[in-house]
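> To be precise about what I am sending: the file is called structure.pdb and holds PDB, C-alpha atoms, pLDDT in the B column.
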```pdb
ATOM      1  CA  MET A1201     103.170  98.850 102.382  1.00 92.00           C
ATOM      2  CA  ALA A1202     104.289  98.570  98.762  1.00 93.00           C
ATOM      3  CA  LEU A1203     103.825  94.797  98.803  1.00 92.00           C
ATOM      4  CA  GLY A1204     100.287  95.238 100.120  1.00 93.00           C
ATOM      5  CA  ALA A1205      99.598  97.881  97.496  1.00 95.00           C
ATOM      6  CA  MET A1206     100.860  95.557  94.769  1.00 95.00           C
ATOM      7  CA  ARG A1207      98.530  92.830  95.976  1.00 94.00           C
ATOM      8  CA  ALA A1208      95.553  95.193  96.219  1.00 96.00           C
ATOM      9  CA  VAL A1209      96.158  96.443  92.672  1.00 96.00           C
ATOM     10  CA  SER A1210      96.412  92.878  91.385  1.00 95.00           C
ATOM     11  CA  ASP A1211      93.308  91.758  93.328  1.00 96.00           C
ATOM     12  CA  ARG A1212      91.324  94.467  91.535  1.00 97.00           C
ATOM     13  CA  GLY A1213      92.409  93.186  88.134  1.00 96.00           C
ATOM     14  CA  LEU A1214      94.725  96.107  87.464  1.00 96.00           C
ATOM     15  CA  ARG A1215      98.250  95.841  86.135  1.00 93.00           C
ATOM     16  CA  ILE A1216     101.506  97.244  87.470  1.00 93.00           C
ATOM     17  CA  PRO A1217     102.924  99.482  85.996  1.00 92.00           C
ATOM     18  CA  GLU A1218     100.418  99.852  83.118  1.00 91.00           C
ATOM     19  CA  ASP A1219      97.509 100.933  85.347  1.00 92.00           C
ATOM     20  CA  MET A1220      99.291 101.968  88.545  1.00 92.00           C
ATOM     21  CA  ALA A1221     102.915 102.722  89.379  1.00 93.00           C
ATOM     22  CA  ILE A1222     104.232 101.639  92.777  1.00 95.00           C
ATOM     23  CA  VAL A1223     107.406 102.674  94.593  1.00 95.00           C
ATOM     24  CA  GLY A1224     108.522 101.205  97.914  1.00 94.00           C
ATOM     25  CA  TYR A1225     110.961 102.342 100.568  1.00 93.00           C
ATOM     26  CA  ASP A1226     113.866 100.571 102.319  1.00 88.00           C
ATOM     27  CA  ASP A1227     114.870  98.336  99.385  1.00 88.00           C
ATOM     28  CA  LEU A1228     113.787  95.099 101.031  1.00 85.00           C
ATOM     29  CA  PHE A1229     115.493  92.151  99.333  1.00 85.00           C
ATOM     30  CA  ILE A1230     112.156  90.704  98.230  1.00 86.00           C
ATOM     31  CA  GLY A1231     111.506  93.698  95.964  1.00 86.00           C
ATOM     32  CA  ASP A1232     114.032  92.481  93.433  1.00 85.00           C
ATOM     33  CA  PHE A1233     112.267  89.108  93.210  1.00 86.00           C
ATOM     34  CA  LEU A1234     108.704  90.335  92.682  1.00 90.00           C
ATOM     35  CA  THR A1235     106.991  90.532  89.317  1.00 90.00           C
ATOM     36  CA  PRO A1236     107.229  93.288  88.322  1.00 93.00           C
ATOM     37  CA  ARG A1237     110.411  94.110  90.222  1.00 92.00           C
ATOM     38  CA  LEU A1238     109.705  96.831  92.813  1.00 94.00           C
ATOM     39  CA  THR A1239     111.138 100.306  92.325  1.00 94.00           C
ATOM     40  CA  THR A1240     112.314 101.542  95.709  1.00 93.00           C
ATOM     41  CA  VAL A1241     114.122 104.194  97.679  1.00 95.00           C
ATOM     42  CA  ARG A1242     117.255 102.818  99.323  1.00 94.00           C
ATOM     43  CA  ALA A1243     118.221 104.433 102.625  1.00 94.00           C
ATOM     44  CA  PRO A1244     121.410 103.820 104.649  1.00 95.00           C
ATOM     45  CA  ILE A1245     119.698 101.797 107.393  1.00 93.00           C
ATOM     46  CA  ASP A1246     122.982 101.006 109.183  1.00 94.00           C
ATOM     47  CA  ALA A1247     123.941 104.684 109.428  1.00 96.00           C
ATOM     48  CA  ILE A1248     120.446 105.684 110.563  1.00 95.00           C
ATOM     49  CA  SER A1249     120.431 102.958 113.224  1.00 96.00           C
ATOM     50  CA  THR A1250     123.903 103.883 114.459  1.00 97.00           C
ATOM     51  CA  CYS A1251     123.032 107.577 114.753  1.00 94.00           C
ATOM     52  CA  ALA A1252     119.760 106.887 116.565  1.00 94.00           C
ATOM     53  CA  THR A1253     121.446 104.414 118.931  1.00 95.00           C
ATOM     54  CA  GLU A1254     124.236 106.858 119.792  1.00 94.00           C
ATOM     55  CA  MET A1255     121.705 109.597 120.531  1.00 92.00           C
ATOM     56  CA  LEU A1256     119.605 107.256 122.664  1.00 94.00           C
ATOM     57  CA  ILE A1257     122.589 105.994 124.669  1.00 95.00           C
ATOM     58  CA  ALA A1258     123.729 109.575 125.315  1.00 95.00           C
ATOM     59  CA  ALA A1259     120.251 110.505 126.560  1.00 93.00           C
ATOM     60  CA  VAL A1260     120.030 107.413 128.785  1.00 95.00           C
ATOM     61  CA  ARG A1261     123.408 108.320 130.296  1.00 96.00           C
ATOM     62  CA  GLY A1262     122.016 111.718 131.236  1.00 95.00           C
ATOM     63  CA  LYS A1263     123.865 113.734 128.620  1.00 94.00           C
ATOM     64  CA  HIS A1264     122.053 116.644 127.065  1.00 90.00           C
ATOM     65  CA  VAL A1265     121.178 115.780 123.489  1.00 85.00           C
ATOM     66  CA  ASP A1266     120.213 118.795 121.429  1.00 86.00           C
ATOM     67  CA  PRO A1267     117.277 118.198 119.118  1.00 85.00           C
ATOM     68  CA  ARG A1268     118.627 118.142 115.609  1.00 86.00           C
ATOM     69  CA  GLN A1269     117.730 117.166 112.126  1.00 92.00           C
ATOM     70  CA  VAL A1270     119.956 114.529 110.571  1.00 93.00           C
ATOM     71  CA  ILE A1271     119.679 114.069 106.832  1.00 95.00           C
ATOM     72  CA  PHE A1272     120.882 110.836 105.290  1.00 96.00           C
ATOM     73  CA  PRO A1273     121.409 110.356 101.569  1.00 95.00           C
ATOM     74  CA  THR A1274     118.981 108.085  99.742  1.00 95.00           C
ATOM     75  CA  GLU A1275     119.075 106.456  96.339  1.00 94.00           C
ATOM     76  CA  LEU A1276     116.235 105.797  93.921  1.00 93.00           C
ATOM     77  CA  VAL A1277     116.491 102.234  92.607  1.00 92.00           C
ATOM     78  CA  VAL A1278     114.468 102.190  89.390  1.00 91.00           C
ATOM     79  CA  ARG A1279     112.948  98.824  88.571  1.00 92.00           C
ATOM     80  CA  GLN A1280     109.859  97.777  86.639  1.00 92.00           C
ATOM     81  CA  SER A1281     107.016  98.710  89.026  1.00 93.00           C
ATOM     82  CA  CYS A1282     107.249 102.447  88.353  1.00 91.00           C
ATOM     83  CA  GLY A1283     106.788 102.098  84.611  1.00 87.00           C
ATOM     84  CA  ALA A1284     109.799 104.228  83.791  1.00 79.00           C
ATOM     85  CA  GLU A1285     112.974 103.203  82.131  1.00 63.00           C
ATOM     86  CA  LEU A1286     116.248 104.561  83.386  1.00 49.00           C
ATOM     87  CA  VAL A1287     117.493 106.669  80.506  1.00 47.00           C
ATOM     88  CA  LEU A1288     121.011 108.021  80.577  1.00 47.00           C
ATOM     89  CA  PRO A1289     121.742 111.252  78.745  1.00 49.00           C
ATOM     90  CA  ARG A1290     123.203 110.687  75.302  1.00 50.00           C
ATOM     91  CA  GLN A1291     126.851 111.454  74.813  1.00 49.00           C
ATOM     92  CA  ARG A1292     127.408 114.325  72.423  1.00 50.00           C
ATOM     93  CA  SER A1293     129.787 113.541  69.616  1.00 51.00           C
ATOM     94  CA  SER A1294     132.720 115.897  69.283  1.00 48.00           C
TER      95      SER A1294
END
```
How does this structure look as structure tokens?


Amino acid sequence: MALGAMRAVSDRGLRIPEDMAIVGYDDLFIGDFLTPRLTTVRAPIDAISTCATEMLIAAVRGKHVDPRQVIFPTELVVRQSCGAELVLPRQRSS
């Protein structure tokens, strides 16, 4: 979706990030090679897949699987397409 959005913005003569900021999801490897580099949300795909597979296998085997919400940690990977610079807080001098 983000790649398509980047193309649509470019096709309309607009600039990323000056005219429109774009953030993707899943941290596809290609995002780091685009111009501008794509800001993204990185999710633990392996952990999500493992959890979903375990739940599916249990259900297929006839085990009762309680509906539940599983929350996985994500990480914002700031690159150029969002227009922001990653600014670390200044160290206070003693």

> List as a PyMOL selection string the protein and nucleic acid residues near stretch 1216-1233 of chain A, meaning an atom at most 9 Å away when only C-alpha atoms are counted, but skip any in the same chain fewer than 2 places from it.

chain A and resi 1201-1203+1205-1206+1209-1210+1214+1235-1245+1277-1284

> Would you mind reading off the distance between atom CA of A:Ala1208 and atom CA of A:Leu1276, one decimal, in Å?

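According to the coordinates, atom CA of A:Ala1208 and atom CA of A:Leu1276 are separated by 23.4 Å.
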
> Rounded to one decimal, what separation in Å do you get between atom CA of A:Gly1262 and atom CA of A:Asp1246?

24.5 Å

> Report the distance between atom CA of A:Arg1261 and atom CA of A:Pro1273 in Å, rounded to one decimal place.

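Answer for the atom CA of A:Arg1261 to atom CA of A:Pro1273 separation: 28.9 Å.
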
> Give me the residues near A:Arg1268 as a list in words, where near means some atom within 12 Å (using only C-alpha atoms) and where sequence neighbours in that chain fewer than 5 positions away do not count.

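Final neighbour list, sorted by chain and number: Cys1251, Ala1252 and Met1255 of chain A.
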